[in-house]
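Colleague: File follows, my_file-v5.pdb with PDB, C-alpha atoms:
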```
ATOM      1  CA  MET A 554       0.000   0.000   0.000
ATOM      2  CA  ARG A 555       1.207   3.486  -0.876
ATOM      3  CA  ALA A 556       0.392   6.162   1.686
ATOM      4  CA  PHE A 557       0.246   9.783   0.583
ATOM      5  CA  ILE A 558       0.958  12.040   3.559
ATOM      6  CA  ILE A 559      -0.477  15.427   2.637
ATOM      7  CA  ALA A 560      -0.645  18.600   4.734
ATOM      8  CA  MET A 561      -3.792  20.276   3.409
ATOM      9  CA  GLU A 562      -7.054  19.104   1.893
ATOM     10  CA  CYS A 563      -6.506  21.259  -1.210
ATOM     11  CA  GLU A 564      -3.248  19.380  -1.845
ATOM     12  CA  ALA A 565      -4.951  16.024  -1.271
ATOM     13  CA  GLU A 566      -7.537  16.890  -3.942
ATOM     14  CA  THR A 567      -4.732  16.990  -6.528
ATOM     15  CA  VAL A 568      -3.700  13.434  -5.625
ATOM     16  CA  ARG A 569      -7.023  11.603  -5.252
ATOM     17  CA  PRO A 570      -7.722  11.162  -8.992
ATOM     18  CA  TYR A 571      -4.486   9.153  -9.319
ATOM     19  CA  LEU A 572      -4.939   6.729  -6.455
ATOM     20  CA  GLY A 573      -4.476   3.057  -7.188
ATOM     21  CA  GLU A 574      -6.118   0.126  -5.474
ATOM     22  CA  GLY A 575      -5.097   0.061  -1.819
ATOM     23  CA  ASP A 576      -3.561   3.549  -1.859
ATOM     24  CA  VAL A 577      -4.518   5.864   0.992
ATOM     25  CA  VAL A 578      -4.386   9.624   1.450
ATOM     26  CA  VAL A 579      -3.805  10.987   4.937
ATOM     27  CA  VAL A 580      -4.503  14.699   5.385
ATOM     28  CA  ALA A 581      -2.150  15.249   8.291
ATOM     29  CA  GLY A 582      -2.433  18.984   8.841
ATOM     30  CA  ILE A 583       0.293  21.593   8.567
ATOM     31  CA  GLY A 584       3.578  21.208  10.436
ATOM     32  CA  LYS A 585       6.322  18.740  11.207
ATOM     33  CA  VAL A 586       4.679  17.010  14.171
ATOM     34  CA  ASN A 587       1.411  16.429  12.286
ATOM     35  CA  SER A 588       3.203  15.001   9.264
ATOM     36  CA  ALA A 589       5.593  12.856  11.304
ATOM     37  CA  ALA A 590       2.731  11.367  13.322
ATOM     38  CA  ALA A 591       0.749  10.657  10.155
ATOM     39  CA  ALA A 592       3.731   9.028   8.451
ATOM     40  CA  GLN A 593       4.415   6.795  11.455
ATOM     41  CA  LYS A 594       0.766   5.741  11.666
ATOM     42  CA  ALA A 595       0.705   4.923   7.949
ATOM     43  CA  ILE A 596       3.831   2.796   8.350
ATOM     44  CA  ASP A 597       2.337   1.065  11.396
ATOM     45  CA  ASP A 598      -0.825   0.420   9.352
ATOM     46  CA  GLY A 599       1.173  -1.408   6.662
ATOM     47  CA  ALA A 600       2.299   1.184   4.118
ATOM     48  CA  ASP A 601       5.216  -0.009   2.013
ATOM     49  CA  GLU A 602       5.910   3.388   0.462
ATOM     50  CA  ILE A 603       5.371   6.925   1.735
ATOM     51  CA  LEU A 604       4.697   9.717  -0.743
ATOM     52  CA  ASN A 605       4.370  13.412  -0.034
ATOM     53  CA  CYS A 606       3.012  15.932  -2.527
ATOM     54  CA  GLY A 607       2.319  19.594  -2.011
ATOM     55  CA  VAL A 608       3.317  23.186  -2.526
ATOM     56  CA  VAL A 609       6.593  24.782  -1.469
ATOM     57  CA  GLY A 610       8.276  28.129  -1.332
ATOM     58  CA  GLY A 611      11.093  28.697  -3.785
ATOM     59  CA  LEU A 612      14.315  30.170  -2.415
ATOM     60  CA  ASP A 613      16.075  30.650  -5.756
ATOM     61  CA  PRO A 614      14.886  33.840  -7.517
ATOM     62  CA  ALA A 615      15.421  32.057 -10.859
ATOM     63  CA  MET A 616      12.503  29.763 -10.001
ATOM     64  CA  SER A 617       8.991  30.466 -11.200
ATOM     65  CA  VAL A 618       5.651  29.863  -9.574
ATOM     66  CA  GLY A 619       4.433  26.486 -10.792
ATOM     67  CA  ASP A 620       7.879  24.910 -11.203
ATOM     68  CA  VAL A 621       7.764  21.251 -10.157
ATOM     69  CA  PHE A 622      10.574  19.428  -8.369
ATOM     70  CA  GLU A 623      11.319  16.036  -6.886
ATOM     71  CA  VAL A 624      13.067  16.024  -3.512
ATOM     72  CA  SER A 625      16.425  14.255  -3.313
ATOM     73  CA  GLN A 626      17.172  15.200   0.292
ATOM     74  CA  ALA A 627      15.316  16.965   3.076
ATOM     75  CA  VAL A 628      16.588  18.846   6.114
ATOM     76  CA  GLU A 629      14.909  20.302   9.215
ATOM     77  CA  TYR A 630      16.454  23.771   9.075
ATOM     78  CA  ASP A 631      14.850  24.908  12.337
ATOM     79  CA  PHE A 632      16.456  22.079  14.354
ATOM     80  CA  ASP A 633      19.521  23.559  16.015
ATOM     81  CA  LEU A 634      21.974  21.930  18.451
ATOM     82  CA  THR A 635      24.957  24.010  17.327
ATOM     83  CA  LEU A 636      25.401  25.667  20.741
ATOM     84  CA  ILE A 637      25.367  22.329  22.563
ATOM     85  CA  ASN A 638      27.602  20.159  20.421
ATOM     86  CA  GLY A 639      28.767  22.241  17.459
ATOM     87  CA  THR A 640      27.005  20.112  14.875
ATOM     88  CA  LYS A 641      25.803  21.595  11.603
ATOM     89  CA  LEU A 642      22.392  23.276  11.689
ATOM     90  CA  GLY A 643      19.654  20.687  11.194
ATOM     91  CA  THR A 644      21.698  17.756  12.513
ATOM     92  CA  HIS A 645      19.973  15.623  15.119
ATOM     93  CA  ASN A 646      22.141  14.468  18.024
ATOM     94  CA  GLU A 647      22.148  10.814  16.968
ATOM     95  CA  ARG A 648      23.183  11.615  13.365
ATOM     96  CA  ASP A 649      26.253  12.956  11.602
ATOM     97  CA  THR A 650      24.399  14.674   8.744
ATOM     98  CA  PRO A 651      21.398  16.996   8.623
ATOM     99  CA  TYR A 652      20.095  15.410   5.409
ATOM    100  CA  PHE A 653      17.455  12.714   5.058
ATOM    101  CA  ASP A 654      17.621  10.982   1.690
ATOM    102  CA  CYS A 655      14.559  10.642  -0.508
ATOM    103  CA  GLU A 656      14.109   8.541  -3.606
ATOM    104  CA  THR A 657      13.680  10.256  -6.954
ATOM    105  CA  LYS A 658      12.243   8.909 -10.163
ATOM    106  CA  GLY A 659      13.978  11.348 -12.507
ATOM    107  CA  ALA A 660      10.711  12.705 -13.867
ATOM    108  CA  TYR A 661      11.481  16.257 -12.686
ATOM    109  CA  PRO A 662      14.589  18.154 -11.512
ATOM    110  CA  ALA A 663      15.646  17.207  -7.989
ATOM    111  CA  ARG A 664      16.184  19.720  -5.180
ATOM    112  CA  ILE A 665      17.052  19.729  -1.483
ATOM    113  CA  LEU A 666      13.995  20.583   0.626
ATOM    114  CA  ALA A 667      14.191  22.489   3.920
ATOM    115  CA  SER A 668      11.338  22.089   6.407
ATOM    116  CA  GLY A 669      10.587  24.211   9.437
ATOM    117  CA  ASP A 670       7.583  25.044  11.560
ATOM    118  CA  ARG A 671       7.402  28.643  10.374
ATOM    119  CA  PHE A 672       5.744  30.411   7.449
ATOM    120  CA  THR A 673       7.343  33.833   7.532
ATOM    121  CA  ASN A 674       9.062  36.495   5.469
ATOM    122  CA  ASP A 675      11.948  36.458   7.997
ATOM    123  CA  GLU A 676      15.344  36.420   6.279
ATOM    124  CA  ARG A 677      16.655  33.661   8.585
ATOM    125  CA  ASP A 678      14.035  31.367   7.040
ATOM    126  CA  VAL A 679      15.771  31.940   3.719
ATOM    127  CA  GLU A 680      19.394  32.197   4.830
ATOM    128  CA  ASN A 681      19.423  29.032   6.953
ATOM    129  CA  PRO A 682      17.924  26.756   4.271
ATOM    130  CA  LEU A 683      20.211  28.222   1.591
ATOM    131  CA  ALA A 684      23.237  27.626   3.844
ATOM    132  CA  LEU A 685      22.189  23.958   3.899
ATOM    133  CA  GLY A 686      21.944  23.821   0.102
ATOM    134  CA  ALA A 687      18.149  23.834   0.047
ATOM    135  CA  THR A 688      16.353  25.795  -2.648
ATOM    136  CA  ILE A 689      12.773  24.906  -1.697
ATOM    137  CA  LYS A 690      11.059  24.893   1.694
ATOM    138  CA  ASP A 691       7.889  23.678   3.337
ATOM    139  CA  MET A 692       6.626  22.777   6.800
ATOM    140  CA  GLU A 693       6.370  18.978   6.555
ATOM    141  CA  GLY A 694       8.644  17.096   4.151
ATOM    142  CA  ALA A 695      11.807  16.666   6.221
ATOM    143  CA  ALA A 696       9.818  15.308   9.153
ATOM    144  CA  ILE A 697       8.249  12.706   6.868
ATOM    145  CA  ALA A 698      11.678  11.771   5.484
ATOM    146  CA  HIS A 699      13.013  11.551   9.058
ATOM    147  CA  VAL A 700      10.290   9.087  10.082
ATOM    148  CA  CYS A 701      10.834   7.062   6.922
ATOM    149  CA  GLU A 702      14.569   6.788   7.555
ATOM    150  CA  ARG A 703      13.991   5.611  11.120
ATOM    151  CA  ASN A 704      11.656   2.902   9.775
ATOM    152  CA  GLY A 705      13.736   1.878   6.750
ATOM    153  CA  MET A 706      10.871   2.993   4.509
ATOM    154  CA  LYS A 707      10.987   4.352   0.969
ATOM    155  CA  CYS A 708       9.985   7.992   0.702
ATOM    156  CA  ARG A 709       9.335  10.097  -2.397
ATOM    157  CA  MET A 710       8.233  13.741  -2.660
ATOM    158  CA  LEU A 711       6.912  15.947  -5.441
ATOM    159  CA  LYS A 712       6.545  19.683  -4.893
ATOM    160  CA  ALA A 713       5.191  22.643  -6.889
ATOM    161  CA  VAL A 714       6.392  26.183  -6.173
ATOM    162  CA  SER A 715       3.683  28.541  -4.883
ATOM    163  CA  ASP A 716       5.862  31.529  -3.966
ATOM    164  CA  VAL A 717       9.417  32.664  -4.709
ATOM    165  CA  HIS A 718      11.717  34.600  -2.398
ATOM    166  CA  GLY A 719      12.609  38.012  -3.754
ATOM    167  CA  LYS A 720       9.472  38.384  -5.856
ATOM    168  CA  GLY A 721       7.268  40.052  -3.243
ATOM    169  CA  ALA A 722       5.956  39.017   0.165
ATOM    170  CA  MET A 723       5.874  35.231   0.274
ATOM    171  CA  THR A 724       2.603  35.132   2.182
ATOM    172  CA  GLY A 725       0.860  37.294  -0.427
ATOM    173  CA  GLN A 726       2.314  35.264  -3.291
ATOM    174  CA  TYR A 727       1.225  32.031  -1.641
ATOM    175  CA  LYS A 728      -2.393  33.163  -1.375
ATOM    176  CA  GLN A 729      -2.410  34.540  -4.910
ATOM    177  CA  ASN A 730      -0.717  31.549  -6.552
ATOM    178  CA  LEU A 731      -1.933  28.536  -4.568
ATOM    179  CA  GLU A 732      -4.520  27.370  -7.106
ATOM    180  CA  PHE A 733      -2.064  27.662 -10.003
ATOM    181  CA  ALA A 734       0.646  25.759  -8.124
ATOM    182  CA  LEU A 735      -1.861  23.027  -7.255
ATOM    183  CA  SER A 736      -2.907  22.738 -10.911
ATOM    184  CA  ARG A 737       0.748  22.321 -11.916
ATOM    185  CA  LEU A 738       1.214  19.666  -9.216
ATOM    186  CA  HIS A 739      -1.890  17.833 -10.432
ATOM    187  CA  ALA A 740      -0.635  17.860 -14.033
ATOM    188  CA  ALA A 741       2.816  16.612 -12.950
ATOM    189  CA  LEU A 742       1.640  13.624 -10.943
ATOM    190  CA  PRO A 743       1.087  11.053 -13.743
ATOM    191  CA  ALA A 744       4.726  11.185 -14.889
ATOM    192  CA  TRP A 745       5.921  10.928 -11.298
ATOM    193  CA  LEU A 746       3.683   8.124 -10.107
TER     194      LEU A 746
END
```
Please re-express this file's structure in C-alpha coordinates.

Modeller:
Amino acid sequence: MRAFIIAMECEAETVRPYLGEGDVVVVAGIGKVNSAAAAQKAIDDGADEILNCGVVGGLDPAMSVGDVFEVSQAVEYDFDLTLINGTKLGTHNERDTPYFDCETKGAYPARILASGDRFTNDERDVENPLALGATIKDMEGAAIAHVCERNGMKCRMLKAVSDVHGKGAMTGQYKQNLEFALSRLHAALPAWL
(Lines of atoms letter the chains of each structure in order from A and count residues from 1; the text may use other names and numbers.)
(Lines give C-alpha, C1' and ligand atoms only; values in the text may rest on other atoms or scores of the structure.)
Protein backbone atom coordinates (compact mmCIF):
# COMPACT_ATOMS: atom_id res chain seq x y z
CA MET A 1 0.00 0.00 0.00
CA ARG A 2 1.21 3.49 -0.88
CA ALA A 3 0.39 6.16 1.69
CA PHE A 4 0.25 9.78 0.58
CA ILE A 5 0.96 12.04 3.56
CA ILE A 6 -0.48 15.43 2.64
CA ALA A 7 -0.65 18.60 4.73
CA MET A 8 -3.79 20.28 3.41
CA GLU A 9 -7.05 19.10 1.89
CA CYS A 10 -6.51 21.26 -1.21
CA GLU A 11 -3.25 19.38 -1.84
CA ALA A 12 -4.95 16.02 -1.27
CA GLU A 13 -7.54 16.89 -3.94
CA THR A 14 -4.73 16.99 -6.53
CA VAL A 15 -3.70 13.43 -5.63
CA ARG A 16 -7.02 11.60 -5.25
CA PRO A 17 -7.72 11.16 -8.99
CA TYR A 18 -4.49 9.15 -9.32
CA LEU A 19 -4.94 6.73 -6.45
CA GLY A 20 -4.48 3.06 -7.19
CA GLU A 21 -6.12 0.13 -5.47
CA GLY A 22 -5.10 0.06 -1.82
CA ASP A 23 -3.56 3.55 -1.86
CA VAL A 24 -4.52 5.86 0.99
CA VAL A 25 -4.39 9.62 1.45
CA VAL A 26 -3.81 10.99 4.94
CA VAL A 27 -4.50 14.70 5.39
CA ALA A 28 -2.15 15.25 8.29
CA GLY A 29 -2.43 18.98 8.84
CA ILE A 30 0.29 21.59 8.57
CA GLY A 31 3.58 21.21 10.44
CA LYS A 32 6.32 18.74 11.21
CA VAL A 33 4.68 17.01 14.17
CA ASN A 34 1.41 16.43 12.29
CA SER A 35 3.20 15.00 9.26
CA ALA A 36 5.59 12.86 11.30
CA ALA A 37 2.73 11.37 13.32
CA ALA A 38 0.75 10.66 10.16
CA ALA A 39 3.73 9.03 8.45
CA GLN A 40 4.41 6.79 11.45
CA LYS A 41 0.77 5.74 11.67
CA ALA A 42 0.71 4.92 7.95
CA ILE A 43 3.83 2.80 8.35
CA ASP A 44 2.34 1.07 11.40
CA ASP A 45 -0.83 0.42 9.35
CA GLY A 46 1.17 -1.41 6.66
CA ALA A 47 2.30 1.18 4.12
CA ASP A 48 5.22 -0.01 2.01
CA GLU A 49 5.91 3.39 0.46
CA ILE A 50 5.37 6.93 1.73
CA LEU A 51 4.70 9.72 -0.74
CA ASN A 52 4.37 13.41 -0.03
CA CYS A 53 3.01 15.93 -2.53
CA GLY A 54 2.32 19.59 -2.01
CA VAL A 55 3.32 23.19 -2.53
CA VAL A 56 6.59 24.78 -1.47
CA GLY A 57 8.28 28.13 -1.33
CA GLY A 58 11.09 28.70 -3.79
CA LEU A 59 14.31 30.17 -2.41
CA ASP A 60 16.08 30.65 -5.76
CA PRO A 61 14.89 33.84 -7.52
CA ALA A 62 15.42 32.06 -10.86
CA MET A 63 12.50 29.76 -10.00
CA SER A 64 8.99 30.47 -11.20
CA VAL A 65 5.65 29.86 -9.57
CA GLY A 66 4.43 26.49 -10.79
CA ASP A 67 7.88 24.91 -11.20
CA VAL A 68 7.76 21.25 -10.16
CA PHE A 69 10.57 19.43 -8.37
CA GLU A 70 11.32 16.04 -6.89
CA VAL A 71 13.07 16.02 -3.51
CA SER A 72 16.43 14.25 -3.31
CA GLN A 73 17.17 15.20 0.29
CA ALA A 74 15.32 16.97 3.08
CA VAL A 75 16.59 18.85 6.11
CA GLU A 76 14.91 20.30 9.22
CA TYR A 77 16.45 23.77 9.08
CA ASP A 78 14.85 24.91 12.34
CA PHE A 79 16.46 22.08 14.35
CA ASP A 80 19.52 23.56 16.01
CA LEU A 81 21.97 21.93 18.45
CA THR A 82 24.96 24.01 17.33
CA LEU A 83 25.40 25.67 20.74
CA ILE A 84 25.37 22.33 22.56
CA ASN A 85 27.60 20.16 20.42
CA GLY A 86 28.77 22.24 17.46
CA THR A 87 27.00 20.11 14.88
CA LYS A 88 25.80 21.60 11.60
CA LEU A 89 22.39 23.28 11.69
CA GLY A 90 19.65 20.69 11.19
CA THR A 91 21.70 17.76 12.51
CA HIS A 92 19.97 15.62 15.12
CA ASN A 93 22.14 14.47 18.02
CA GLU A 94 22.15 10.81 16.97
CA ARG A 95 23.18 11.62 13.36
CA ASP A 96 26.25 12.96 11.60
CA THR A 97 24.40 14.67 8.74
CA PRO A 98 21.40 17.00 8.62
CA TYR A 99 20.09 15.41 5.41
CA PHE A 100 17.46 12.71 5.06
CA ASP A 101 17.62 10.98 1.69
CA CYS A 102 14.56 10.64 -0.51
CA GLU A 103 14.11 8.54 -3.61
CA THR A 104 13.68 10.26 -6.95
CA LYS A 105 12.24 8.91 -10.16
CA GLY A 106 13.98 11.35 -12.51
CA ALA A 107 10.71 12.71 -13.87
CA TYR A 108 11.48 16.26 -12.69
CA PRO A 109 14.59 18.15 -11.51
CA ALA A 110 15.65 17.21 -7.99
CA ARG A 111 16.18 19.72 -5.18
CA ILE A 112 17.05 19.73 -1.48
CA LEU A 113 13.99 20.58 0.63
CA ALA A 114 14.19 22.49 3.92
CA SER A 115 11.34 22.09 6.41
CA GLY A 116 10.59 24.21 9.44
CA ASP A 117 7.58 25.04 11.56
CA ARG A 118 7.40 28.64 10.37
CA PHE A 119 5.74 30.41 7.45
CA THR A 120 7.34 33.83 7.53
CA ASN A 121 9.06 36.49 5.47
CA ASP A 122 11.95 36.46 8.00
CA GLU A 123 15.34 36.42 6.28
CA ARG A 124 16.66 33.66 8.58
CA ASP A 125 14.04 31.37 7.04
CA VAL A 126 15.77 31.94 3.72
CA GLU A 127 19.39 32.20 4.83
CA ASN A 128 19.42 29.03 6.95
CA PRO A 129 17.92 26.76 4.27
CA LEU A 130 20.21 28.22 1.59
CA ALA A 131 23.24 27.63 3.84
CA LEU A 132 22.19 23.96 3.90
CA GLY A 133 21.94 23.82 0.10
CA ALA A 134 18.15 23.83 0.05
CA THR A 135 16.35 25.79 -2.65
CA ILE A 136 12.77 24.91 -1.70
CA LYS A 137 11.06 24.89 1.69
CA ASP A 138 7.89 23.68 3.34
CA MET A 139 6.63 22.78 6.80
CA GLU A 140 6.37 18.98 6.55
CA GLY A 141 8.64 17.10 4.15
CA ALA A 142 11.81 16.67 6.22
CA ALA A 143 9.82 15.31 9.15
CA ILE A 144 8.25 12.71 6.87
CA ALA A 145 11.68 11.77 5.48
CA HIS A 146 13.01 11.55 9.06
CA VAL A 147 10.29 9.09 10.08
CA CYS A 148 10.83 7.06 6.92
CA GLU A 149 14.57 6.79 7.55
CA ARG A 150 13.99 5.61 11.12
CA ASN A 151 11.66 2.90 9.77
CA GLY A 152 13.74 1.88 6.75
CA MET A 153 10.87 2.99 4.51
CA LYS A 154 10.99 4.35 0.97
CA CYS A 155 9.98 7.99 0.70
CA ARG A 156 9.33 10.10 -2.40
CA MET A 157 8.23 13.74 -2.66
CA LEU A 158 6.91 15.95 -5.44
CA LYS A 159 6.54 19.68 -4.89
CA ALA A 160 5.19 22.64 -6.89
CA VAL A 161 6.39 26.18 -6.17
CA SER A 162 3.68 28.54 -4.88
CA ASP A 163 5.86 31.53 -3.97
CA VAL A 164 9.42 32.66 -4.71
CA HIS A 165 11.72 34.60 -2.40
CA GLY A 166 12.61 38.01 -3.75
CA LYS A 167 9.47 38.38 -5.86
CA GLY A 168 7.27 40.05 -3.24
CA ALA A 169 5.96 39.02 0.16
CA MET A 170 5.87 35.23 0.27
CA THR A 171 2.60 35.13 2.18
CA GLY A 172 0.86 37.29 -0.43
CA GLN A 173 2.31 35.26 -3.29
CA TYR A 174 1.22 32.03 -1.64
CA LYS A 175 -2.39 33.16 -1.38
CA GLN A 176 -2.41 34.54 -4.91
CA ASN A 177 -0.72 31.55 -6.55
CA LEU A 178 -1.93 28.54 -4.57
CA GLU A 179 -4.52 27.37 -7.11
CA PHE A 180 -2.06 27.66 -10.00
CA ALA A 181 0.65 25.76 -8.12
CA LEU A 182 -1.86 23.03 -7.26
CA SER A 183 -2.91 22.74 -10.91
CA ARG A 184 0.75 22.32 -11.92
CA LEU A 185 1.21 19.67 -9.22
CA HIS A 186 -1.89 17.83 -10.43
CA ALA A 187 -0.64 17.86 -14.03
CA ALA A 188 2.82 16.61 -12.95
CA LEU A 189 1.64 13.62 -10.94
CA PRO A 190 1.09 11.05 -13.74
CA ALA A 191 4.73 11.19 -14.89
CA TRP A 192 5.92 10.93 -11.30
CA LEU A 193 3.68 8.12 -10.11

Colleague: What do you get, as a PyMOL selection string, if you spell out every residue that the PyMOL selection byres ((chain A and resi 567-581) around 7) selects here?

Modeller: chain A and resi 554-562+564-566+582-583+587-588+591+735+739

Colleague: If you measure from atom CA of A:Gln726 to atom CA of A:Ala695, what distance in Å do you get, rounded to one decimal?

Modeller: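 These two atoms are separated by 22.9 Å.
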
Colleague: Which residue is closest to A:Ala589? Choose from A:Cys708, A:Ala696, A:Cys563, A:Leu612 and count all atoms listed in the file.

Modeller: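 Counting all atoms listed in the file, the residue closest to A:Ala589 is A:Ala696.
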
Colleague: Give me the stretch 657-716 of chain A side of the contact with stretch 622-635 of chain A, cut-off 7 Å, one line per residue showing its nearest atom pair and distance in Å at one decimal, counting all atoms listed in the file, sorted by chain and residue number, as JSON lines.

Modeller:
```
{"residue": "A:Thr657", "atom": "CA", "partner": "A:Ser625", "partner_atom": "CA", "distance": 6.1}
{"residue": "A:Tyr661", "atom": "CA", "partner": "A:Phe622", "partner_atom": "CA", "distance": 5.4}
{"residue": "A:Pro662", "atom": "CA", "partner": "A:Phe622", "partner_atom": "CA", "distance": 5.3}
{"residue": "A:Ala663", "atom": "CA", "partner": "A:Glu623", "partner_atom": "CA", "distance": 4.6}
{"residue": "A:Arg664", "atom": "CA", "partner": "A:Val624", "partner_atom": "CA", "distance": 5.1}
{"residue": "A:Ile665", "atom": "CA", "partner": "A:Gln626", "partner_atom": "CA", "distance": 4.9}
{"residue": "A:Leu666", "atom": "CA", "partner": "A:Ala627", "partner_atom": "CA", "distance": 4.6}
{"residue": "A:Ala667", "atom": "CA", "partner": "A:Val628", "partner_atom": "CA", "distance": 4.9}
{"residue": "A:Ser668", "atom": "CA", "partner": "A:Glu629", "partner_atom": "CA", "distance": 4.9}
{"residue": "A:Gly669", "atom": "CA", "partner": "A:Asp631", "partner_atom": "CA", "distance": 5.2}
{"residue": "A:Asn681", "atom": "CA", "partner": "A:Tyr630", "partner_atom": "CA", "distance": 6.4}
{"residue": "A:Pro682", "atom": "CA", "partner": "A:Tyr630", "partner_atom": "CA", "distance": 5.8}
{"residue": "A:Gly694", "atom": "CA", "partner": "A:Ala627", "partner_atom": "CA", "distance": 6.8}
{"residue": "A:Ala695", "atom": "CA", "partner": "A:Ala627", "partner_atom": "CA", "distance": 4.7}
{"residue": "A:Ala698", "atom": "CA", "partner": "A:Ala627", "partner_atom": "CA", "distance": 6.8}
{"residue": "A:Met710", "atom": "CA", "partner": "A:Val624", "partner_atom": "CA", "distance": 5.4}
{"residue": "A:Leu711", "atom": "CA", "partner": "A:Glu623", "partner_atom": "CA", "distance": 4.6}
{"residue": "A:Lys712", "atom": "CA", "partner": "A:Phe622", "partner_atom": "CA", "distance": 5.3}
{"residue": "A:Ala713", "atom": "CA", "partner": "A:Phe622", "partner_atom": "CA", "distance": 6.4}
```

Colleague: Name all residues at most 12 Å from A:Asn704 (count all atoms listed in the file; drop same-chain ones fewer than 6 positions away) and give them as a VMD selection string.

Modeller: chain A and resid 589 592 to 597 599 to 603 697 to 698

Colleague: Identify which of the residues A:Val679, A:Val586, A:Leu636, A:Leu742 lies closest to A:His718, counting all atoms listed in the file when measuring atom-to-atom distances.

Modeller: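 When distances to A:His718 are compared using all atoms listed in the file, the smallest one comes from A:Val679.
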
Colleague: Could you please determine the separation between atom CA of A:Lys720 and atom CA of A:Arg671 in Å, to one decimal place?

Modeller: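 Between atom CA of A:Lys720 and atom CA of A:Arg671 the gap works out to 19.0 Å.
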
Colleague: Choose the residue, out of A:Val717, A:Ala660, A:Ile637, A:Leu738, that has the smallest atom-to-atom separation from A:Lys690; count all atoms listed in the file.

Modeller: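 Checking each of A:Val717, A:Ala660, A:Ile637, A:Leu738 against A:Lys690, counting all atoms listed in the file, the winner is A:Val717.
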
Colleague: Between A:Cys701, A:Leu746, A:Val714, A:Met723, which has the minimum distance to A:Ala615 (counting all atoms listed in the file)?

Modeller: A:Val714
